[in-house]
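Participant: Submitted below is the structure of interest, expressed as structure tokens.
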Amino acid sequence: MSASPAVAARPSLNAKRITTVSVTILFVAWIVNYVDRLAITTALPSLAKEFDLDHTQQGLILTVFFAIYALFQLPGGFLADRIGAKRTMIAAMVAWSLFTGLTGLVSSFGMLLIVRALFGVTEGLYPGASMKAVAERTQPHNRMTANGIVTSANTLGAALAPLIAAPVITAVGWRHTFLAVAGAGFLMAVVIWWALPAPLPEPTAAEGDGERVLTTSATTDVSTAQLLRSGALWRFTLLFGGFDLVVWGLLSWVPSYLQTERGVSITASGALASIPNFCATLSMIAGGVLFDRYFYGRHRLLIIPSCAIGGVLLLFMAYATSTVTFITYQSLAMLVLFLSFMPIFGLPLRMLPRNVVGRASALINMGGQLAGAVAPFIMGLLADHVSFAAAFAFLIFGAVVAIAAVLWAPQRPEELRTDFAHA
């Protein structure tokens with residue numbers, strides 16, 4: 001006897017619920033991640049005053065985090081593929097919250113560098129696991145839209161970080177601020193442990209959206225060495241590196257620049273620095289939807305114009321004559337640039353089998369975080385020895401690298417399949 005319509009509909013409804021709950025939880029977890037990570041950018045002038053630091057040393061505080069964070073992307077993806085995304089996320093969140101709290105207890109510049117390096121280790125384990133968790137709890141046809149929503153928390157967290165940190169720093173000082181935000185991380189780890197749903201079953205070809213992944217077997221293993229031999233993945237890594245050079249340069253230095261060069265108060269700098277990141281949040285979601293619906297297999301048509309226009313806007317921003325025009329150009333640049341975020345990840349994440357998504361996404365993300373390690377330090381040097389205008393103009397280099405890399409990277413699914421098969 002055939003199943004009733006209600007019974008037949010139940011699996012799809014359950015899948016939809018699993019996706020919705022998972023996306024919601026991971027969205028909030030990423031906000032906590034970014035608030036923990038970026039509170040220090042608002043606190044930099046206070047740290048510089050207490051420890052007598054120049055811009056180069058301030059940049060080193062940010063760089064040491066990003067350098068270690070980048071190196072632990074692949075170990076994080078490996079752990080997610082081996083022991084599970086949920087376990088890896090919980091362990092990472094508990095550990096990074098511990099080091100967030102310890103940041104507020106340091107007594108010297110050297111101790112601060114050590115704590116931020118260890119913070120980078122623990123945060124580096126999280127991104128690959130998070131992306132794998134999304135892949136396990138979504139279906140191929142809506143995977144990039146779901147990823148767009150989850151990762152839009154990055155920019156929303158970047159927008160909220162100065163809004164949260166600035167008034168708290170003003171009220172209780174930078175040390176107590178780090179102790180306070182650490183508590184949110186411990187709480188979120190409990191939420192993931194208790195409420196994150198189990199993964200969806202691996203989809204069959206008939207249940208997919210007509211796409212064919214690189215291997216249809218959920219049990220087929222792909223070695224890390226094979227991933228590292230994939231030239232296509234390394235090109236996407238370079239592509240994301242160019243993009244993130246811009247992003248992390250702005251996130252690292254704008255709050256401090258507004259306070260020290262423009263004479264803006266801590267609270268006002270937090271409010272102003274948040275505006276471009278709210279723009280980026282909307283743009284990231286829109287980019288995921290556009291990729292899923294219109295640009296799958298032809299992402300150059302979206303990435304190249306957004307990076308080119310964004311680069312021009314960065315030039316205008318670097319030489320803006322007022323705070324209002326500086327923030328306006330930065331907001332427009334972020335609005336345009338973040339249309340590219342999900343297309344950069346889109347083709348690999350839609351075509352790779354779920355049992356390698358953790359490592360593959362970690363490899364691509366590593367390129368962005370290495371760029372994040374380079375940008376703050378070089379910008380600090382330029383600010384000390386040339387000018388802040390030169391420091392911000394340096395970011396245009398990232399947009400140029402992204403355009404060159406996307407012309408080199410595969411655009412169609414069959415190109416990625418061929419490259420991966422011969423790795």
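Going through the structure tokens in order, the chains are called A, B, and so on, while each chain numbers its residues from 1 and the ligands are numbered from 1 in the order shown.
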Using only C-alpha atoms, find each residue in range 224-249 of chain A having at least one atom no more than 10 Å away from range 336-341 of chain A; report its shortest atom-to-atom pair and that distance in Å (one decimal), rows by chain then rising number, as CSV.

Facilitator:
```
residue,atom,partner,partner_atom,distance
A:Phe240,CA,A:Phe341,CA,8.2
A:Phe243,CA,A:Phe341,CA,8.0
A:Asp244,CA,A:Phe341,CA,9.3
A:Val246,CA,A:Leu337,CA,9.2
A:Val247,CA,A:Leu337,CA,9.0
```

Participant: Filtering to C-alpha atoms, could you give me those residues as a compact mmCIF listing (two decimals), in the first residue's frame?

Facilitator:
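And here's out.txt as it stands now:
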```txt
# COMPACT_ATOMS: atom_id res chain seq x y z
CA PHE A 240 40.49 33.59 -1.05
CA PHE A 243 39.99 38.56 -0.95
CA ASP A 244 40.83 38.20 2.73
CA VAL A 246 41.38 43.27 1.98
CA VAL A 247 38.92 42.11 4.61
```

Participant: Tell me which protein, DNA and RNA residues are within 9 Å of Ala383 in chain A, counting only C-alpha atoms, leaving out same-chain ones fewer than 6 positions away, and put them as a PyMOL selection string.

Facilitator: chain A and resi 55-56+389-392

Participant: Can those selected residues be exported to a file as a short mmCIF file (atom, residue, chain, number, x, y, z; two decimals), in the first residue's frame so that it contains N, CA and C atoms?

Facilitator:
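Everything below was put into out_6.cif:
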```
data_model
loop_
_atom_site.label_atom_id
_atom_site.label_comp_id
_atom_site.auth_asym_id
_atom_site.auth_seq_id
_atom_site.Cartn_x
_atom_site.Cartn_y
_atom_site.Cartn_z
N HIS A 55 52.69 51.17 16.11
CA HIS A 55 51.76 50.51 15.19
C HIS A 55 52.29 49.16 14.72
N THR A 56 53.59 49.06 14.52
CA THR A 56 54.17 47.79 14.07
C THR A 56 53.95 46.70 15.11
N ALA A 389 47.20 56.34 4.88
CA ALA A 389 46.65 56.30 3.52
C ALA A 389 47.37 55.23 2.70
N ALA A 390 48.69 55.17 2.82
CA ALA A 390 49.46 54.14 2.12
C ALA A 390 49.10 52.75 2.62
N ALA A 391 48.87 52.64 3.92
CA ALA A 391 48.50 51.34 4.50
C ALA A 391 47.19 50.83 3.92
N PHE A 392 46.20 51.70 3.82
CA PHE A 392 44.92 51.27 3.28
C PHE A 392 44.99 51.07 1.77
#
```

Participant: Taking 6 positions as the minimum chain separation for residues in the same chain, which residues sit within 10 Å of Gly241 in chain A when counting only C-alpha atoms? Answer as JSON, numbers by chain.

Facilitator: {"A": [235, 247, 364, 365, 366, 367, 368, 369, 370, 371, 372, 398, 399, 401, 402, 405]}

Participant: Just want the 7 Å neighbourhood of Ala165 in chain A, counted on only C-alpha atoms, with same-chain residues fewer than 6 positions away dropped. Output as an MDAnalysis selection string.

Facilitator: chainID A and resid 39 42 177

Participant: Nearest to Pro343 in chain A among A:Tyr329, A:Phe66, A:Phe377, A:Phe291, with distances taken over only C-alpha atoms: which residue is it?

Facilitator: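 Nearest candidate to Pro343 in chain A out of A:Tyr329, A:Phe66, A:Phe377, A:Phe291: A:Phe291.
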
Participant: Nearest to Pro127 in chain A among A:Ala180, A:Ala166, A:Val64, A:Leu74, with distances taken over only C-alpha atoms: which residue is it?

Facilitator: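 Closest to Pro127 in chain A of all the choices is A:Leu74.
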
Participant: Here is a test: counting only C-alpha atoms, which residue of A:Ser252, A:Gln226, A:Thr170, A:Thr100 is nearest to Leu62 in chain A?

Facilitator: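 Once distances to Leu62 in chain A are computed over only C-alpha atoms, the minimum belongs to A:Ser252.
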
Participant: Please provide the set of residues having any atom within 9 Å of Asp292 in chain A, restricted to only C-alpha atoms, with same-chain residues fewer than 3 positions apart removed, written as a ChimeraX atom specification.

Facilitator: /A:141-145,287-289,295-296,343,346

Participant: Would you list the contacts of Ala48 in chain A as a ChimeraX atom specification, taking every protein, DNA or RNA residue within 10 Å and counting only C-alpha atoms, but skipping same-chain residues closer than 4 positions in sequence?

Facilitator: /A:43-44,52-55,57-58,109
